[in-house]
$ cat protein_36.cif   # mmCIF, C-alpha atoms
data_data
#
loop_
_atom_site.label_atom_id
_atom_site.label_comp_id
_atom_site.auth_asym_id
_atom_site.auth_seq_id
_atom_site.Cartn_x
_atom_site.Cartn_y
_atom_site.Cartn_z
CA MET A 1 65.17 59.42 100.68
CA THR A 2 66.83 59.97 97.33
CA ALA A 3 64.97 59.28 94.12
CA PRO A 4 66.81 56.00 93.38
CA LEU A 5 65.81 54.71 96.80
CA GLN A 6 62.12 55.50 96.51
CA ALA A 7 60.08 52.66 97.89
CA LYS A 8 58.34 50.37 95.47
CA ALA A 9 54.65 50.42 96.20
CA LEU A 10 51.53 48.60 95.09
CA ARG A 11 48.76 51.13 94.55
CA ALA A 12 45.13 50.42 95.39
CA ALA A 13 44.08 53.56 97.16
CA PRO A 14 40.72 55.04 97.98
CA ASP A 15 40.42 58.55 96.57
CA PRO A 16 43.71 57.41 95.86
CA ASP A 17 46.49 59.57 97.19
CA PRO A 18 48.93 58.37 94.60
CA GLY A 19 52.05 58.94 96.64
CA VAL A 20 51.30 56.06 98.95
CA ALA A 21 50.28 52.45 98.74
CA PRO A 22 47.49 51.54 101.12
CA SER A 23 46.43 48.18 102.36
CA PRO A 24 44.07 46.33 100.05
CA GLY A 25 40.36 46.82 100.14
CA PRO A 26 39.52 50.44 101.02
CA VAL A 27 36.65 52.16 99.25
CA ARG A 28 37.58 53.95 96.06
CA GLY A 29 37.55 57.71 96.21
CA ARG A 30 34.73 58.54 93.81
CA GLY A 31 32.28 56.30 95.65
CA ALA A 32 33.56 57.36 99.06
CA HIS A 33 33.11 61.06 98.24
CA ALA A 34 29.63 60.41 96.85
CA ARG A 35 28.52 58.47 99.93
CA PHE A 36 29.98 61.04 102.28
CA LEU A 37 28.21 63.92 100.54
CA LEU A 38 24.94 62.03 100.21
CA LEU A 39 24.91 61.46 103.97
CA ALA A 40 25.36 65.21 104.47
CA LEU A 41 22.77 66.33 101.92
CA LEU A 42 19.62 65.59 103.93
CA PRO A 43 20.58 67.53 107.07
CA ILE A 44 21.95 70.35 104.90
CA ALA A 45 18.65 70.49 103.01
CA LEU A 46 16.74 70.88 106.28
CA THR A 47 18.89 73.67 107.73
CA GLN A 48 19.51 77.25 106.68
CA PRO A 49 21.98 80.02 107.51
CA VAL A 50 21.14 82.58 110.16
CA TRP A 51 22.31 85.31 107.77
CA ALA A 52 19.87 86.74 105.25
CA GLU A 53 20.03 85.64 101.63
CA ALA A 54 21.76 88.74 100.25
CA SER A 55 23.80 89.59 103.34
CA LEU A 56 27.50 90.36 103.05
CA MET A 57 28.43 87.51 105.38
CA ARG A 58 26.49 84.90 103.44
CA GLU A 59 27.87 86.01 100.08
CA ALA A 60 31.41 86.16 101.45
CA LEU A 61 31.14 82.57 102.74
CA ARG A 62 29.80 81.37 99.39
CA TRP A 63 32.59 82.99 97.39
CA LEU A 64 35.21 81.77 99.84
CA GLY A 65 33.76 78.28 99.55
CA TYR A 66 33.83 78.42 95.76
CA ALA A 67 37.47 79.53 95.83
CA ALA A 68 38.30 76.62 98.17
CA VAL A 69 36.67 74.16 95.76
CA VAL A 70 38.70 75.55 92.85
CA VAL A 71 41.90 75.19 94.90
CA CYS A 72 40.88 71.63 95.75
CA VAL A 73 40.27 70.56 92.15
CA LEU A 74 43.43 72.19 90.78
CA GLY A 75 45.51 70.91 93.70
CA ARG A 76 44.35 67.34 93.16
CA ALA A 77 45.27 67.59 89.49
CA TRP A 78 48.70 68.99 90.46
CA CYS A 79 49.29 65.98 92.71
CA SER A 80 48.28 63.55 89.98
CA ALA A 81 50.74 65.19 87.58
CA TYR A 82 53.61 64.24 89.91
CA ILE A 83 52.52 60.64 90.25
CA ALA A 84 51.59 60.08 86.61
CA GLY A 85 54.02 57.75 84.88
CA ARG A 86 55.47 56.43 88.14
CA LYS A 87 52.53 54.78 89.88
CA ASN A 88 53.10 51.13 90.80
CA ARG A 89 56.85 51.77 90.72
CA ALA A 90 57.86 54.42 93.24
CA LEU A 91 56.86 56.31 96.33
CA VAL A 92 56.82 59.90 95.14
CA ASP A 93 58.63 62.33 97.43
CA ARG A 94 58.90 65.37 95.17
CA GLY A 95 56.70 68.39 94.56
CA PRO A 96 53.63 68.40 96.83
CA TYR A 97 54.69 65.04 98.26
CA SER A 98 57.92 66.55 99.57
CA VAL A 99 56.13 68.96 101.93
CA VAL A 100 53.28 66.73 103.14
CA ARG A 101 52.68 62.99 102.95
CA ASN A 102 49.04 63.14 101.87
CA PRO A 103 48.58 66.19 99.64
CA LEU A 104 45.67 64.73 97.70
CA TYR A 105 43.73 64.15 100.92
CA VAL A 106 44.66 67.63 102.16
CA PHE A 107 43.24 69.19 98.99
CA SER A 108 40.14 67.03 99.32
CA MET A 109 39.55 68.37 102.83
CA VAL A 110 39.96 71.92 101.50
CA GLY A 111 37.23 71.06 99.01
CA LEU A 112 34.93 69.64 101.69
CA THR A 113 35.41 72.79 103.74
CA GLY A 114 34.57 74.83 100.64
CA ILE A 115 31.37 72.86 100.15
CA GLY A 116 30.44 73.58 103.75
CA LEU A 117 31.07 77.30 103.23
CA GLN A 118 28.84 77.27 100.16
CA THR A 119 25.90 76.45 102.42
CA GLY A 120 26.35 79.95 103.82
CA THR A 121 27.24 78.66 107.29
CA LEU A 122 30.44 78.18 109.23
CA THR A 123 28.85 75.27 111.07
CA TRP A 124 28.60 73.04 108.01
CA ALA A 125 32.12 73.98 106.96
CA ALA A 126 33.42 72.78 110.33
CA LEU A 127 31.29 69.61 110.29
CA LEU A 128 32.35 68.58 106.78
CA LEU A 129 35.99 69.28 107.59
CA LEU A 130 35.70 67.19 110.75
CA GLY A 131 33.92 64.33 108.99
CA GLY A 132 36.40 64.31 106.10
CA GLY A 133 39.32 64.52 108.51
CA LEU A 134 38.12 61.50 110.48
CA TYR A 135 37.57 59.48 107.31
CA TYR A 136 40.96 60.31 105.81
CA LEU A 137 42.69 59.75 109.14
CA ALA A 138 41.42 56.17 109.18
CA VAL A 139 42.54 55.68 105.57
CA VAL A 140 45.99 57.15 106.19
CA ARG A 141 46.58 55.02 109.27
CA ARG A 142 45.88 51.86 107.26
CA GLU A 143 48.18 53.04 104.50
CA GLU A 144 51.01 53.86 106.89
CA MET A 145 50.76 50.51 108.66
CA TYR A 146 50.88 48.70 105.36
CA LEU A 147 53.85 50.67 104.04
CA LEU A 148 55.82 50.35 107.25
CA GLN A 149 55.43 46.58 107.10
CA ALA A 150 56.07 46.27 103.39
CA PHE A 151 58.90 48.79 102.94
CA PRO A 152 60.33 49.66 106.38
CA ALA A 153 63.78 50.71 105.18
CA ASP A 154 62.57 53.14 102.52
CA TYR A 155 59.29 54.44 103.93
CA ARG A 156 60.36 55.04 107.54
CA PRO A 157 62.75 57.97 106.75
CA TYR A 158 60.06 59.62 104.62
CA LEU A 159 57.54 59.09 107.41
CA ALA A 160 59.88 60.64 109.95
CA ARG A 161 60.72 63.82 108.05
CA THR A 162 57.47 64.63 106.23
CA PRO A 163 54.35 65.87 108.07
CA ARG A 164 51.12 63.96 107.67
CA TRP A 165 48.69 66.90 107.27
CA LEU A 166 50.27 70.36 107.58
CA PRO A 167 52.66 71.16 104.70
CA ASP A 168 56.14 72.36 105.61
CA ARG A 169 57.36 74.54 102.74
CA HIS A 170 60.95 74.30 103.99
CA LEU A 171 60.97 70.64 102.92
CA TRP A 172 60.15 71.48 99.30
CA ARG A 173 62.09 69.47 96.76
CA ASP A 174 61.20 69.30 93.11
CA ALA A 175 62.00 66.92 90.32
CA PRO A 176 63.86 68.25 87.25
CA GLU A 177 61.07 66.82 85.13
CA VAL A 178 57.99 64.67 85.51
CA THR A 179 56.29 62.31 83.12
CA ILE A 180 52.60 63.15 82.92
CA ARG A 181 49.89 60.69 81.97
CA PRO A 182 47.07 62.85 80.61
CA ALA A 183 44.44 60.18 81.27
CA LEU A 184 45.25 60.11 84.99
CA VAL A 185 45.22 63.90 85.29
CA ALA A 186 41.94 64.05 83.36
CA ARG A 187 40.41 61.40 85.62
CA THR A 188 41.48 63.32 88.70
CA LEU A 189 39.92 66.50 87.30
CA LEU A 190 36.73 64.60 86.50
CA ASP A 191 36.54 63.18 90.01
CA GLY A 192 37.15 66.63 91.45
CA ALA A 193 34.36 68.09 89.34
CA ALA A 194 31.92 66.45 91.75
CA PHE A 195 32.84 69.19 94.24
CA PHE A 196 31.25 71.76 91.91
CA VAL A 197 27.85 70.06 92.07
CA ALA A 198 27.25 71.17 95.65
CA TYR A 199 26.53 74.85 94.99
CA PRO A 200 23.61 74.39 92.54
CA LEU A 201 22.17 71.78 94.88
CA PHE A 202 22.30 74.17 97.83
CA GLU A 203 20.68 76.87 95.71
CA ALA A 204 17.90 74.42 94.82
CA PHE A 205 17.44 73.58 98.51
CA GLY A 206 17.12 77.29 99.31
CA HIS A 207 14.45 77.83 96.66
CA ALA A 208 12.59 74.73 97.86
CA ARG A 209 12.59 76.01 101.44
CA ALA A 210 11.40 79.44 100.30
CA ALA A 211 8.55 77.81 98.37
CA GLY A 212 7.55 75.71 101.38
CA LEU A 213 8.55 72.45 99.71
CA LEU A 214 11.24 71.73 102.31
CA PRO A 215 10.97 72.44 106.03
CA SER A 216 13.66 74.43 107.79
CA LEU A 217 14.32 72.69 111.07
CA LEU A 218 17.29 74.71 112.23
CA SER A 219 19.14 77.96 111.51
CA LEU A 220 22.90 77.72 111.78
CA PRO A 221 25.64 80.36 111.98
#
$ encode --input "protein_36.cif" --output "structure tokens"
Amino acid sequence: MTAPLQAKALRAAPDPDPGVAPSPGPVRGRGAHARFLLLALLPIALTQPVWAEASLMREALRWLGYAAVVVCVLGRAWCSAYIAGRKNRALVDRGPYSVVRNPLYVFSMVGLTGIGLQTGTLTWAALLLLGGGLYYLAVVRREEMYLLQAFPADYRPYLARTPRWLPDRHLWRDAPEVTIRPALVARTLLDGAAFFVAYPLFEAFGHARAAGLLPSLLSLP
């Protein structure tokens, strides 16, 4: 798909992955992330890692989780820089969108995994990755159905050559220049900042459990 043939697309996405145009009506990303994390907070608050507080394993998981959250937030901003200035006009197939169809969702799942690691357990990392994957899979399927019906000639070649989830670096194609809308990049960074709230919350849960204010129903690896 060459740049002049990029599919025109109406954009009303949840969390929105700005390279695609989903069907109308999905939940917007900020609210969807908040609801997803709120559902996870109660069981997280009532569980604890099997590893001791200052153990090497627990600290390693926390730092790895923090690094994943940083990658998530910066990656989401990178994606928004490629779409800024072209939303509502074109299906972006350059930069991160050249190697994977849903880079914003991929970075979001990296962030969810990072949040899980910040609990100090591998179990919560796997559960949050699974839950986020199932949610985004449903969103992506709706988006793909809509785009195939609305723009079959332009979207189908892009669909055929570009993987849905796992980036293929051999497909990388960049644009000579991109027009950036600072407000959109700033909004994406602001939305992503919600991922940083998890760590202080988990620390507060740990102190509450140590003080006997929260029960610990289960220890998880």
$ residues_around --input "protein_36.cif" --residues "range 92-99 of chain A" --least-positions-apart "5" --cutoff "7 Å" --atoms "only C-alpha atoms" --output "ChimeraX atom specification"
/A:19,79,82-83,162,167-169,171-175
$ residues_around --input "protein_36.cif" --residues "range 58-64 of chain A" --least-positions-apart "6" --cutoff "9 Å" --atoms "all atoms listed in the file" --output "JSON, numbers by chain"
{"A": [49, 50, 51, 52, 114, 115, 116, 117, 118, 119, 120, 121, 122, 199]}
$ closest_residue --input "protein_36.cif" --among "A:Leu112, A:Leu91, A:Ala126, A:Leu74" --to "Leu159 in chain A" --atoms "only C-alpha atoms"
A:Leu91
$ resolve_selection --input "protein_36.cif" --expression "the PyMOL selection byres ((chain A and resi 178-190) around 6)" --output "PyMOL selection string"
chain A and resi 77+80-81+84-85+177+191-193
$ closest_residue --input "protein_36.cif" --among "A:Ala125, A:Cys72, A:Leu130, A:Met109" --to "Leu220 in chain A" --atoms "only C-alpha atoms"
A:Ala125
$ closest_residue --input "protein_36.cif" --among "A:Tyr146, A:Ala194, A:Ala54, A:Tyr136" --to "Gly111 in chain A" --atoms "all atoms listed in the file"
A:Ala194
$ atom_distance --input "protein_36.cif" --atom1 "CA of Thr123 in chain A" --atom2 "CA of Arg101 in chain A"
28.0 Å
$ closest_residue --input "protein_36.cif" --among "A:Ser216, A:Gln48, A:Asn102, A:Ser108" --to "Leu166 in chain A" --atoms "only C-alpha atoms"
A:Asn102
$ atom_distance --input "protein_36.cif" --atom1 "CA of His170 in chain A" --atom2 "CA of Pro157 in chain A"
16.7 Å
$ closest_residue --input "protein_36.cif" --among "A:Ala208, A:Val139, A:Tyr105, A:Leu148" --to "Arg76 in chain A" --atoms "all atoms listed in the file"
A:Tyr105
$ atom_distance --input "protein_36.cif" --atom1 "CA of Pro103 in chain A" --atom2 "CA of Trp165 in chain A"
7.7 Å
$ axis_aligned_box --input "protein_36.cif" --around "range 193-211 of chain A" --padding-each-side "5 Å" --output "lines of an AutoDock Vina configuration file"
center_x = 21.5
center_y = 72.9
center_z = 95.4
size_x = 35.8
size_y = 23.0
size_z = 22.1
$ closest_residue --input "protein_36.cif" --among "A:Val140, A:Leu128, A:Ala160, A:Leu218" --to "Leu41 in chain A" --atoms "all atoms listed in the file"
A:Leu128
